[in-house]
file data.cif (mmCIF, C-alpha atoms and all ligand atoms)
data_model
loop_
_atom_site.label_atom_id
_atom_site.label_comp_id
_atom_site.auth_asym_id
_atom_site.auth_seq_id
_atom_site.Cartn_x
_atom_site.Cartn_y
_atom_site.Cartn_z
CA MET K 1 83.59 131.85 79.15
CA ALA K 2 81.61 133.68 81.83
CA SER K 3 78.67 131.28 81.49
CA LEU K 4 81.03 128.28 81.54
CA VAL K 5 82.53 129.50 84.78
CA ARG K 6 79.12 130.26 86.25
CA SER K 7 77.82 126.79 85.38
CA ALA K 8 80.93 125.20 86.89
CA SER K 9 80.36 127.05 90.13
CA LEU K 10 76.63 126.23 90.06
CA ARG K 11 77.45 122.56 89.49
CA SER K 12 79.76 122.72 92.47
CA LEU K 13 77.01 124.28 94.58
CA ARG K 14 74.48 121.70 93.46
CA ASN K 15 76.85 118.90 94.48
CA GLY K 16 77.40 120.44 97.89
CA GLY K 17 80.82 121.71 96.84
CA PRO K 18 83.49 122.63 99.34
CA LEU K 19 83.01 125.62 101.63
CA LEU K 20 86.35 127.19 100.80
CA PHE K 21 85.50 127.26 97.11
CA HIS K 22 82.29 129.19 97.77
CA THR K 23 83.88 131.44 100.33
CA THR K 24 86.56 132.43 97.83
CA LEU K 25 83.97 132.91 95.16
CA ARG K 26 81.71 134.97 97.42
CA LYS K 27 84.57 137.20 98.51
CA SER K 28 85.59 137.82 94.94
CA LEU K 29 82.01 138.61 93.94
CA THR K 30 81.41 141.11 96.72
CA SER K 31 84.71 142.90 97.21
CA CYS K 32 86.12 143.55 93.77
CA PRO K 33 84.94 145.63 90.86
CA GLN K 34 86.62 143.28 88.38
CA THR K 35 84.32 140.51 89.49
CA GLN K 36 84.55 138.51 86.27
CA THR K 37 88.33 138.14 86.31
CA LEU K 38 88.43 136.91 89.90
CA ARG K 39 85.51 134.58 89.41
CA THR K 40 87.37 132.90 86.54
CA PHE K 41 90.49 132.59 88.69
CA SER K 42 88.76 130.94 91.63
CA ALA K 43 86.88 128.48 89.45
CA THR K 44 89.94 127.17 87.59
CA MET K 45 92.69 127.37 90.18
CA SER K 46 93.34 125.02 93.09
CA PRO K 47 93.74 126.35 96.62
CA PRO K 48 97.36 126.72 97.77
CA SER K 49 98.80 123.41 98.97
CA LYS K 50 100.77 122.69 102.13
CA ALA K 51 103.37 120.11 101.08
CA VAL K 52 106.36 118.10 102.26
CA VAL K 53 109.04 119.14 99.79
CA TYR K 54 112.68 118.15 99.32
CA ASP K 55 115.05 120.19 97.14
CA GLN K 56 117.82 117.60 97.13
CA GLN K 57 118.18 113.92 97.91
CA GLY K 58 119.59 113.01 101.30
CA PRO K 59 118.58 111.99 104.82
CA PRO K 60 114.78 112.55 104.86
CA ASP K 61 114.78 114.21 108.29
CA ALA K 62 117.38 116.72 107.05
CA VAL K 63 116.17 117.50 103.52
CA THR K 64 112.36 117.66 103.90
CA ARG K 65 110.44 120.75 104.91
CA VAL K 66 106.79 121.72 104.96
CA VAL K 67 106.05 124.65 102.62
CA GLU K 68 103.02 126.31 101.05
CA LEU K 69 102.84 125.84 97.29
CA PRO K 70 100.94 128.38 95.17
CA PRO K 71 97.60 127.54 93.50
CA VAL K 72 97.80 125.69 90.18
CA GLN K 73 95.45 125.67 87.25
CA VAL K 74 92.73 123.00 87.14
CA LYS K 75 92.59 122.23 83.40
CA GLU K 76 89.55 120.80 81.67
CA ASN K 77 90.50 117.14 82.27
CA ASP K 78 91.96 117.67 85.74
CA VAL K 79 90.62 116.73 89.13
CA CYS K 80 91.64 118.77 92.16
CA VAL K 81 91.78 116.54 95.24
CA ARG K 82 91.97 117.56 98.88
CA MET K 83 94.16 114.87 100.42
CA LEU K 84 92.83 113.15 103.53
CA ALA K 85 95.57 110.69 104.45
CA ALA K 86 98.84 109.22 103.13
CA PRO K 87 101.35 106.79 104.63
CA ILE K 88 105.12 107.01 105.03
CA ASN K 89 106.43 103.82 103.40
CA PRO K 90 110.05 102.58 103.31
CA SER K 91 110.17 103.27 99.55
CA ASP K 92 109.17 106.93 100.16
CA ILE K 93 112.19 107.20 102.41
CA ASN K 94 114.42 105.50 99.81
CA ARG K 95 113.19 107.90 97.09
CA ILE K 96 114.12 110.91 99.23
CA GLU K 97 117.47 109.32 100.12
CA GLY K 98 118.12 108.94 96.39
CA VAL K 99 118.70 105.17 96.60
CA TYR K 100 115.49 104.10 94.84
CA PRO K 101 115.96 103.16 91.16
CA VAL K 102 113.10 105.40 90.00
CA ARG K 103 112.59 108.72 91.74
CA PRO K 104 111.04 112.06 90.92
CA GLU K 105 113.22 114.95 89.86
CA VAL K 106 113.96 117.41 92.65
CA PRO K 107 112.51 119.64 93.92
CA ALA K 108 109.78 117.11 94.63
CA VAL K 109 106.87 116.48 96.96
CA GLY K 110 107.18 113.25 98.99
CA GLY K 111 104.71 110.35 99.16
CA TYR K 112 103.47 107.83 96.62
CA GLU K 113 100.00 106.70 97.73
CA GLY K 114 97.08 108.04 99.74
CA VAL K 115 93.40 108.93 99.68
CA GLY K 116 91.67 112.23 99.08
CA GLU K 117 88.32 113.87 98.46
CA VAL K 118 87.50 115.52 95.16
CA TYR K 119 87.51 119.28 95.70
CA SER K 120 86.76 120.52 92.19
CA VAL K 121 86.82 119.17 88.64
CA GLY K 122 87.75 120.54 85.22
CA SER K 123 84.98 121.37 82.74
CA ALA K 124 85.38 118.10 80.73
CA VAL K 125 85.31 115.77 83.75
CA LYS K 126 82.11 113.75 84.00
CA ASP K 127 83.01 110.77 86.22
CA PHE K 128 84.01 112.60 89.41
CA SER K 129 82.16 115.08 91.61
CA PRO K 130 83.20 117.13 94.63
CA GLY K 131 83.04 114.96 97.73
CA ASP K 132 83.99 111.66 96.00
CA TRP K 133 86.77 109.69 97.64
CA VAL K 134 89.62 108.90 95.25
CA ILE K 135 93.02 107.24 95.29
CA PRO K 136 95.82 107.54 92.72
CA SER K 137 95.80 104.09 91.09
CA PRO K 138 98.38 103.00 90.05
CA PRO K 139 100.06 104.99 92.84
CA SER K 140 101.67 108.25 91.83
CA SER K 141 104.30 110.54 93.34
CA GLY K 142 103.58 113.63 95.45
CA THR K 143 100.84 112.57 97.88
CA TRP K 144 102.24 114.34 100.95
CA GLN K 145 100.35 117.57 100.37
CA THR K 146 96.94 119.02 101.09
CA TYR K 147 95.75 119.60 97.48
CA ILE K 148 96.77 117.72 94.33
CA VAL K 149 95.73 118.53 90.77
CA LYS K 150 96.19 115.69 88.27
CA ASP K 151 94.55 114.38 85.13
CA GLN K 152 91.34 112.43 85.79
CA SER K 153 92.96 109.23 84.47
CA VAL K 154 95.19 109.16 87.59
CA TRP K 155 92.25 108.86 89.98
CA HIS K 156 90.14 105.89 90.99
CA LYS K 157 86.89 106.46 92.86
CA ILE K 158 86.42 104.27 95.94
CA SER K 159 83.64 103.64 98.44
CA LYS K 160 83.45 106.11 101.30
CA GLU K 161 82.59 103.15 103.54
CA THR K 162 86.30 102.24 103.49
CA PRO K 163 88.13 103.02 106.74
CA LEU K 164 90.30 106.06 105.98
CA GLU K 165 93.67 104.53 106.85
CA TYR K 166 93.04 101.46 104.67
CA ALA K 167 91.88 103.65 101.79
CA ALA K 168 95.23 105.45 102.11
CA THR K 169 97.45 102.37 102.21
CA THR K 170 96.17 99.66 99.88
CA THR K 171 97.90 100.39 96.59
CA VAL K 172 101.49 99.56 97.61
CA ASN K 173 101.89 96.99 100.39
CA PRO K 174 98.67 94.91 100.26
CA LEU K 175 98.94 94.82 96.46
CA THR K 176 102.53 93.58 96.73
CA ALA K 177 101.44 90.82 99.12
CA LEU K 178 98.67 89.74 96.77
CA ARG K 179 100.86 89.68 93.67
CA MET K 180 103.62 87.70 95.35
CA LEU K 181 101.12 85.05 96.48
CA GLU K 182 99.74 84.76 92.95
CA ASP K 183 102.65 85.24 90.56
CA PHE K 184 105.45 82.84 91.44
CA VAL K 185 104.30 79.43 92.68
CA PRO K 186 100.83 77.92 92.20
CA LEU K 187 99.38 77.77 95.71
CA ASN K 188 96.33 75.79 96.76
CA SER K 189 94.43 75.50 100.00
CA GLY K 190 96.53 73.38 102.37
CA ASP K 191 99.90 74.63 100.99
CA THR K 192 102.37 76.62 103.05
CA ILE K 193 104.45 79.78 102.60
CA VAL K 194 107.33 81.08 104.74
CA GLN K 195 108.35 84.71 105.21
CA ASN K 196 110.59 86.99 107.22
CA GLY K 197 109.66 90.60 108.06
CA ALA K 198 106.26 89.25 109.09
CA THR K 199 105.49 92.38 111.14
CA SER K 200 105.69 94.62 108.07
CA ILE K 201 102.42 95.65 106.41
CA VAL K 202 103.29 93.42 103.46
CA GLY K 203 103.96 90.57 105.92
CA GLN K 204 100.70 91.10 107.80
CA CYS K 205 98.79 91.14 104.51
CA VAL K 206 100.53 87.96 103.33
CA ILE K 207 99.38 86.19 106.52
CA GLN K 208 95.76 87.29 106.09
CA ILE K 209 95.37 86.79 102.34
CA ALA K 210 96.99 83.36 102.72
CA ARG K 211 94.68 82.45 105.59
CA ASP K 212 91.65 83.60 103.56
CA ARG K 213 92.73 81.10 100.89
CA GLY K 214 93.45 78.23 103.31
CA ILE K 215 97.22 78.60 102.91
CA HIS K 216 99.42 78.12 105.99
CA SER K 217 102.09 80.64 106.90
CA ILE K 218 105.38 80.27 108.75
CA ASN K 219 106.58 83.66 109.95
CA VAL K 220 109.95 84.89 111.14
CA ILE K 221 110.26 88.12 113.15
CA ARG K 222 113.19 90.03 114.62
CA ASP K 223 114.29 89.30 118.16
CA ARG K 224 113.10 92.20 120.29
CA PRO K 225 111.53 92.98 123.64
CA GLY K 226 107.83 92.12 123.56
CA SER K 227 108.24 89.43 120.90
CA ASP K 228 105.67 87.18 122.67
CA GLU K 229 103.08 89.92 122.29
CA VAL K 230 103.98 90.31 118.60
CA LYS K 231 103.64 86.55 118.10
CA GLU K 232 100.18 86.65 119.64
CA LYS K 233 99.13 89.55 117.39
CA LEU K 234 100.29 87.74 114.25
CA ALA K 235 98.62 84.52 115.40
CA LYS K 236 95.37 86.47 115.75
CA LEU K 237 95.74 87.59 112.13
CA GLY K 238 95.96 83.93 111.12
CA ALA K 239 99.68 83.06 111.28
CA ASP K 240 100.19 79.32 111.82
CA GLU K 241 103.73 79.59 113.16
CA VAL K 242 105.71 82.62 114.33
CA PHE K 243 109.37 82.31 115.29
CA THR K 244 112.00 84.84 116.25
CA GLU K 245 115.20 84.71 114.20
CA SER K 246 117.13 83.19 117.12
CA GLN K 247 114.56 80.40 117.45
CA VAL K 248 115.16 79.21 113.90
CA ARG K 249 118.94 79.12 114.15
CA VAL K 250 118.69 75.36 114.71
CA LYS K 251 120.05 72.58 112.53
CA ASN K 252 116.74 71.14 111.43
CA VAL K 253 113.91 73.68 111.23
CA LYS K 254 111.48 70.98 110.17
CA ASP K 255 111.47 69.73 113.76
CA LEU K 256 109.87 73.06 114.70
CA LEU K 257 106.86 72.51 112.49
CA ALA K 258 103.82 70.60 113.64
CA ASN K 259 101.62 69.23 110.90
CA ILE K 260 102.00 71.73 108.10
CA PRO K 261 103.66 70.84 104.79
CA GLU K 262 107.06 72.27 103.83
CA PRO K 263 106.66 75.56 101.94
CA ALA K 264 107.26 75.90 98.21
CA LEU K 265 107.28 79.70 98.40
CA GLY K 266 109.40 81.94 100.62
CA LEU K 267 109.15 85.75 100.83
CA ASN K 268 112.15 87.81 101.81
CA CYS K 269 111.59 91.34 103.14
CA VAL K 270 114.84 91.67 105.06
CA GLY K 271 117.93 90.14 103.37
CA GLY K 272 121.08 89.12 105.25
CA ASN K 273 120.78 86.25 107.69
CA ALA K 274 116.97 86.57 107.81
CA ALA K 275 116.93 85.50 104.14
CA SER K 276 119.00 82.39 104.92
CA LEU K 277 116.40 81.48 107.55
CA VAL K 278 113.64 81.57 104.93
CA LEU K 279 115.73 79.34 102.64
CA LYS K 280 116.14 76.79 105.43
CA PHE K 281 112.38 76.17 105.51
CA LEU K 282 111.88 75.78 101.76
CA ARG K 283 111.15 72.38 100.32
CA GLN K 284 113.07 70.77 97.45
CA GLY K 285 112.71 72.94 94.34
CA GLY K 286 111.22 75.84 96.35
CA THR K 287 111.40 79.52 95.36
CA MET K 288 112.36 82.52 97.46
CA VAL K 289 111.09 85.90 96.25
CA THR K 290 112.97 88.96 97.52
CA TYR K 291 110.95 92.17 97.66
CA GLY K 292 112.61 94.20 100.43
CA GLY K 293 116.05 94.78 101.90
CA MET K 294 115.26 96.18 105.34
CA SER K 295 118.56 95.00 106.89
CA LYS K 296 120.52 96.49 103.94
CA LYS K 297 122.58 93.27 103.98
CA PRO K 298 123.24 90.97 101.01
CA ILE K 299 121.78 87.49 100.65
CA THR K 300 124.17 84.56 100.98
CA VAL K 301 123.09 81.20 99.60
CA SER K 302 124.94 77.99 100.39
CA THR K 303 126.18 75.86 97.51
CA THR K 304 124.21 72.91 98.89
CA SER K 305 120.95 74.89 98.68
CA PHE K 306 121.43 75.00 94.92
CA ILE K 307 122.90 71.53 94.33
CA PHE K 308 120.84 69.39 96.70
CA LYS K 309 117.66 71.45 97.05
CA ASP K 310 117.57 73.13 93.63
CA LEU K 311 116.20 76.32 95.15
CA SER K 312 115.28 79.27 92.92
CA LEU K 313 115.77 82.94 93.75
CA ARG K 314 113.45 85.53 92.26
CA GLY K 315 112.63 89.19 92.83
CA PHE K 316 109.45 91.27 92.83
CA TRP K 317 109.07 94.99 92.25
CA LEU K 318 105.55 96.42 92.16
CA GLN K 319 106.58 99.44 90.10
CA ARG K 320 107.90 97.18 87.35
CA TRP K 321 104.72 95.12 87.46
CA LEU K 322 102.57 98.25 87.22
CA ARG K 323 104.50 99.61 84.29
CA THR K 324 103.20 96.95 81.95
CA ASP K 325 99.93 98.71 81.26
CA LYS K 326 97.93 97.12 84.05
CA VAL K 327 95.75 100.03 85.18
CA HIS K 328 92.51 98.10 84.85
CA GLU K 329 93.85 94.94 86.50
CA CYS K 330 95.49 97.01 89.22
CA ARG K 331 92.20 98.74 90.10
CA LYS K 332 90.34 95.42 90.17
CA MET K 333 92.86 94.06 92.66
CA VAL K 334 92.72 97.23 94.75
CA GLU K 335 88.91 96.85 94.92
CA TYR K 336 89.34 93.23 96.04
CA LEU K 337 91.74 94.33 98.79
CA LEU K 338 89.59 97.28 99.90
CA ASP K 339 86.66 94.90 100.11
CA LEU K 340 88.67 92.60 102.39
CA ALA K 341 89.51 95.67 104.52
CA ARG K 342 85.85 96.72 104.72
CA GLN K 343 84.92 93.18 105.78
CA GLY K 344 87.59 93.29 108.50
CA LYS K 345 89.48 90.43 106.80
CA LEU K 346 92.52 92.63 106.18
CA ARG K 347 93.85 94.51 109.18
CA TYR K 348 97.23 95.91 110.05
CA GLU K 349 98.65 98.21 112.66
CA MET K 350 98.77 101.91 111.78
CA GLU K 351 99.06 105.18 113.62
CA LEU K 352 97.19 108.19 112.21
CA VAL K 353 99.27 111.32 112.81
CA PRO K 354 98.14 114.95 112.22
CA PHE K 355 100.03 116.62 109.36
CA ASP K 356 101.40 119.22 111.80
CA ASN K 357 103.38 116.38 113.44
CA PHE K 358 104.86 115.20 110.14
CA HIS K 359 108.48 115.26 111.30
CA ALA K 360 107.70 113.30 114.48
CA ALA K 361 106.00 110.67 112.30
CA LEU K 362 108.97 110.68 109.94
CA ASP K 363 111.34 109.98 112.85
CA LYS K 364 109.22 106.98 113.79
CA ALA K 365 109.14 105.75 110.19
CA LEU K 366 112.92 106.10 110.07
CA GLY K 367 113.17 103.68 113.00
CA LYS K 368 114.66 106.26 115.37
CA LEU K 369 112.26 105.17 118.13
CA GLY K 370 112.51 101.40 117.53
CA SER K 371 109.70 99.30 116.06
CA GLN K 372 106.62 101.42 115.40
CA PRO K 373 103.29 100.97 113.63
CA LYS K 374 102.99 102.29 110.08
CA GLN K 375 102.78 106.09 110.21
CA VAL K 376 99.82 107.50 108.25
CA ILE K 377 99.59 111.28 107.88
CA LYS K 378 96.11 112.75 108.35
CA PHE K 379 95.78 116.06 106.52
N1 LIG H 1 109.37 95.26 95.92
C1 LIG H 1 108.23 95.94 96.00
O1 LIG H 1 107.55 96.19 95.02
C2 LIG H 1 107.79 96.40 97.35
C3 LIG H 1 106.49 96.87 97.55
C4 LIG H 1 106.09 97.21 98.85
C5 LIG H 1 107.01 97.15 99.89
N2 LIG H 1 108.28 96.77 99.61
C6 LIG H 1 109.30 96.65 100.65
O2 LIG H 1 108.80 95.79 101.64
C7 LIG H 1 109.40 96.11 102.87
C8 LIG H 1 108.32 96.26 103.93
O3 LIG H 1 107.52 97.40 103.62
P1 LIG H 1 106.29 97.79 104.58
O4 LIG H 1 105.80 99.13 104.22
O5 LIG H 1 105.33 96.65 104.59
O6 LIG H 1 107.06 97.85 105.98
P2 LIG H 1 106.59 98.53 107.32
O7 LIG H 1 105.18 98.19 107.59
O8 LIG H 1 107.00 99.95 107.29
O9 LIG H 1 107.47 97.74 108.38
C9 LIG H 1 108.88 97.74 108.36
C10 LIG H 1 109.36 96.31 108.56
O10 LIG H 1 110.77 96.26 108.44
C11 LIG H 1 111.32 95.67 109.60
N3 LIG H 1 112.61 96.32 109.82
C12 LIG H 1 112.84 97.63 109.99
N4 LIG H 1 114.17 97.86 110.11
C13 LIG H 1 114.77 96.65 110.01
C14 LIG H 1 116.12 96.22 110.06
N5 LIG H 1 117.12 97.09 110.22
N6 LIG H 1 116.38 94.91 109.93
C15 LIG H 1 115.38 94.03 109.77
N7 LIG H 1 114.07 94.37 109.70
C16 LIG H 1 113.78 95.67 109.82
C17 LIG H 1 110.32 95.94 110.69
O11 LIG H 1 110.48 94.99 111.71
P3 LIG H 1 110.03 95.29 113.22
O12 LIG H 1 108.55 95.16 113.28
O13 LIG H 1 110.75 94.25 113.98
O14 LIG H 1 110.49 96.69 113.54
C18 LIG H 1 109.01 95.73 109.92
O15 LIG H 1 108.74 94.37 109.76
C19 LIG H 1 110.22 97.38 102.64
O16 LIG H 1 111.56 97.02 102.38
C20 LIG H 1 109.60 97.94 101.38
O17 LIG H 1 110.49 98.77 100.65
C21 LIG H 1 108.69 96.40 98.38
#
call {"tool": "encode", "arguments": {"input": "data.cif", "output": "structure tokens"}}
result
Amino acid sequence: MASLVRSASLRSLRNGGPLLFHTTLRKSLTSCPQTQTLRTFSATMSPPSKAVVYDQQGPPDAVTRVVELPPVQVKENDVCVRMLAAPINPSDINRIEGVYPVRPEVPAVGGYEGVGEVYSVGSAVKDFSPGDWVIPSPPSSGTWQTYIVKDQSVWHKISKETPLEYAATTTVNPLTALRMLEDFVPLNSGDTIVQNGATSIVGQCVIQIARDRGIHSINVIRDRPGSDEVKEKLAKLGADEVFTESQVRVKNVKDLLANIPEPALGLNCVGGNAASLVLKFLRQGGTMVTYGGMSKKPITVSTTSFIFKDLSLRGFWLQRWLRTDKVHECRKMVEYLLDLARQGKLRYEMELVPFDNFHAALDKALGKLGSQPKQVIKF
């Protein structure tokens, strides 16, 4: 056992292992007569982890607190990761609120995606080394903490050339955008899609992936101060048309469109009246896919939409899609998306916030300060 531990620590040193690991090890070697016991401890335990924990479901700003969790054992197939960044997504909020259909048992650590750096590995782990950048793929609960220990199968190594905030945010929203463009209606270059919630990360990704494939996009945003600036930003990402909700409350929306064909696919992030606006644009036989309910309002569909336009209503849920044993496919798609991000073909607005300001970032993500960029915690 002693030689195993020694070779693990030597391997860590050879790979330029983390300073804290060696500091702990050195302290234990110099200050304690029971050197062997402590050396074993420091080689197989994680550091303590600072984490956003909730003991019960409820309003996230009321039930979450930042606490220090004790070290955990790094077993032979485990990888201990020092988290670098993780976003606050609407579904993270819904999980804490207790309104998401699948949620971790409480007490739980928040967060579902992110990026980290390998800190140490179990004795049977061959494919990861300290310093590697990894993401949980498929995403996995508990990313709002400084150190995570999970089985090596959870982690996917990614290029360190990836901008940090994109590495932290690709496995949920960009992946959803990609799947919805591929899974419901065959789309070719020259076709059109329509969406509401176009300012969301999913919406911004839809615009850019569509543009990369020669597909036009019609985008609906909320009425708000500064909407002209928002329209310009989305146009720069490749949006063909951007309308506020009030602009499309006209009898014939087709008169608003220049030379782009009527869309066969509509994407609904919002629900309520914003969903009806998407339906208005759809062509005969078109499909609207609902993936978000940001307004928390139900969708109302006119009888004529069904009888005379034969519209179809579908739904998409990434977590259901991921359940069907798609780890390999999922990682291939994540690589495709990260590559687009590295090439600058996939961009979206984010704000990196130090972990110490977690609750200020949470307030922004909860919409308390109006429309805000995606909040990404930097550990
Ligand atoms: N089904 C799935 O598998 C899946 C996967 C990923 C995401 N989602 C869902 O997709 C949606 C967008 O996620 P995201 O992370 O991309 O969003 P995000 O970047 O955090 O942006 C939030 C979006 O929601 C809009 N919004 C906020 N409050 C609203 C309200 N009360 N009424 C109408 N619009 C409102 C914002 O509009 P402003 O810019 O005007 O503030 C913005 O467009 C969420 O509902 C999320 O749960 C679902």
call {"tool": "residues_near_ligand", "arguments": {"input": "data.cif", "ligand": "ligand LIG 1 (chain H)", "cutoff": "7 Å", "atoms": "all atoms listed in the file", "output": "PyMOL selection string"}}
result
chain K and resi 89-91+172-173+176+197-203+221-222+269-270+291-295+316-319+365+367+370-374
call {"tool": "residues_around", "arguments": {"input": "data.cif", "residues": "region 272-288 of chain K", "least_positions_apart": "2", "cutoff": "8 Å", "atoms": "all atoms listed in the file", "output": "ChimeraX atom specification"}}
result
/K:184-185,194-196,220,245,248-249,253-254,262-270,290,295-301,305,308-314
call {"tool": "atom_distance", "arguments": {"input": "data.cif", "atom1": "CA of Tyr336 (chain K)", "atom2": "CA of Val134 (chain K)"}}
result
15.7 Å
call {"tool": "closest_residue", "arguments": {"input": "data.cif", "among": "K:Gly142, K:Gly271, K:Pro104, K:Gly190", "to": "Ser49 (chain K)", "atoms": "all atoms listed in the file"}}
result
K:Gly142
call {"tool": "closest_residue", "arguments": {"input": "data.cif", "among": "K:Gly315, K:Asp127, K:Leu369, K:Ser141", "to": "Arg95 (chain K)", "atoms": "only C-alpha atoms"}}
result
K:Ser141
call {"tool": "closest_residue", "arguments": {"input": "data.cif", "among": "K:Ala108, K:Val327, K:Ile218, K:Ile209", "to": "Gln145 (chain K)", "atoms": "only C-alpha atoms"}}
result
K:Ala108
call {"tool": "residues_around", "arguments": {"input": "data.cif", "residues": "region 178-181 of chain K", "least_positions_apart": "5", "cutoff": "8 Å", "atoms": "all atoms listed in the file", "output": "list in words"}}
result
Leu187, Cys205, Val206, Ile209, Ala210, Val289 and Phe316 of chain K
call {"tool": "residues_around", "arguments": {"input": "data.cif", "residues": "Gln57 (chain K)", "least_positions_apart": "2", "cutoff": "6 Å", "atoms": "only C-alpha atoms", "output": "PyMOL selection string"}}
result
chain K and resi 96-98
call {"tool": "atom_distance", "arguments": {"input": "data.cif", "atom1": "CA of Leu346 (chain K)", "atom2": "CA of Val242 (chain K)"}}
result
18.5 Å
call {"tool": "residues_around", "arguments": {"input": "data.cif", "residues": "Glu117 (chain K)", "least_positions_apart": "5", "cutoff": "7 Å", "atoms": "all atoms listed in the file", "output": "number ranges by chain"}}
result
K: 81-84, 131-134
call {"tool": "closest_atom_pairs", "arguments": {"input": "data.cif", "of": "region 108-205 of chain K", "to": "region 337-344 of chain K", "cutoff": "10 Å", "atoms": "all atoms listed in the file", "output": "Markdown table"}}
result
| residue | atom | partner | partner_atom | distance |
| --- | --- | --- | --- | --- |
| K:Ile158 | CA | K:Leu338 | CA | 8.6 |
| K:Ser159 | CA | K:Leu338 | CA | 8.8 |
| K:Glu161 | CA | K:Arg342 | CA | 7.3 |
| K:Thr162 | CA | K:Arg342 | CA | 5.7 |
| K:Pro163 | CA | K:Arg342 | CA | 7.0 |
| K:Tyr166 | CA | K:Ala341 | CA | 6.8 |
| K:Ala167 | CA | K:Leu338 | CA | 7.0 |
| K:Thr169 | CA | K:Leu338 | CA | 9.6 |
| K:Thr170 | CA | K:Leu338 | CA | 7.0 |
| K:Thr171 | CA | K:Leu337 | CA | 8.9 |
| K:Pro174 | CA | K:Leu337 | CA | 7.1 |
| K:Leu175 | CA | K:Leu337 | CA | 7.6 |
| K:Leu178 | CA | K:Leu337 | CA | 8.6 |
| K:Cys205 | CA | K:Leu337 | CA | 9.6 |
call {"tool": "atom_distance", "arguments": {"input": "data.cif", "atom1": "CA of Lys50 (chain K)", "atom2": "CA of Lys378 (chain K)"}}
result
12.6 Å
call {"tool": "closest_residue", "arguments": {"input": "data.cif", "among": "K:Tyr348, K:Phe355, K:Tyr112, K:Trp155", "to": "Phe128 (chain K)", "atoms": "only C-alpha atoms"}}
result
K:Trp155
call {"tool": "build_atoms", "arguments": {"input": "data.cif", "residues": "region 242-253 of chain K", "atoms": "N, CA and C atoms", "output": "PDB file, in the coordinates of the input"}}
result
ATOM      1  N   VAL K 242     104.888  81.398 114.280  1.00  0.00           N
ATOM      2  CA  VAL K 242     105.710  82.620 114.330  1.00  0.00           C
ATOM      3  C   VAL K 242     106.941  82.322 115.171  1.00  0.00           C
ATOM      4  N   PHE K 243     108.116  82.548 114.589  1.00  0.00           N
ATOM      5  CA  PHE K 243     109.370  82.310 115.290  1.00  0.00           C
ATOM      6  C   PHE K 243     110.207  83.587 115.278  1.00  0.00           C
ATOM      7  N   THR K 244     110.990  83.776 116.334  1.00  0.00           N
ATOM      8  CA  THR K 244     112.000  84.840 116.250  1.00  0.00           C
ATOM      9  C   THR K 244     113.195  84.269 115.481  1.00  0.00           C
ATOM     10  N   GLU K 245     114.040  85.175 114.975  1.00  0.00           N
ATOM     11  CA  GLU K 245     115.200  84.710 114.200  1.00  0.00           C
ATOM     12  C   GLU K 245     116.059  83.757 115.026  1.00  0.00           C
ATOM     13  N   SER K 246     116.249  84.064 116.316  1.00  0.00           N
ATOM     14  CA  SER K 246     117.130  83.190 117.120  1.00  0.00           C
ATOM     15  C   SER K 246     116.513  81.800 117.297  1.00  0.00           C
ATOM     16  N   GLN K 247     115.197  81.710 117.294  1.00  0.00           N
ATOM     17  CA  GLN K 247     114.560  80.400 117.450  1.00  0.00           C
ATOM     18  C   GLN K 247     114.797  79.480 116.246  1.00  0.00           C
ATOM     19  N   VAL K 248     115.004  80.077 115.092  1.00  0.00           N
ATOM     20  CA  VAL K 248     115.160  79.210 113.900  1.00  0.00           C
ATOM     21  C   VAL K 248     116.628  79.004 113.520  1.00  0.00           C
ATOM     22  N   ARG K 249     117.528  79.429 114.408  1.00  0.00           N
ATOM     23  CA  ARG K 249     118.940  79.120 114.150  1.00  0.00           C
ATOM     24  C   ARG K 249     119.258  77.725 114.701  1.00  0.00           C
ATOM     25  N   VAL K 250     118.478  76.743 114.285  1.00  0.00           N
ATOM     26  CA  VAL K 250     118.690  75.360 114.710  1.00  0.00           C
ATOM     27  C   VAL K 250     119.049  74.555 113.463  1.00  0.00           C
ATOM     28  N   LYS K 251     119.579  73.347 113.684  1.00  0.00           N
ATOM     29  CA  LYS K 251     120.050  72.580 112.530  1.00  0.00           C
ATOM     30  C   LYS K 251     118.879  72.178 111.616  1.00  0.00           C
ATOM     31  N   ASN K 252     117.846  71.623 112.247  1.00  0.00           N
ATOM     32  CA  ASN K 252     116.740  71.140 111.430  1.00  0.00           C
ATOM     33  C   ASN K 252     115.438  71.878 111.757  1.00  0.00           C
ATOM     34  N   VAL K 253     115.114  72.875 110.930  1.00  0.00           N
ATOM     35  CA  VAL K 253     113.910  73.680 111.230  1.00  0.00           C
ATOM     36  C   VAL K 253     112.631  72.865 111.105  1.00  0.00           C
TER      37      VAL K 253
END
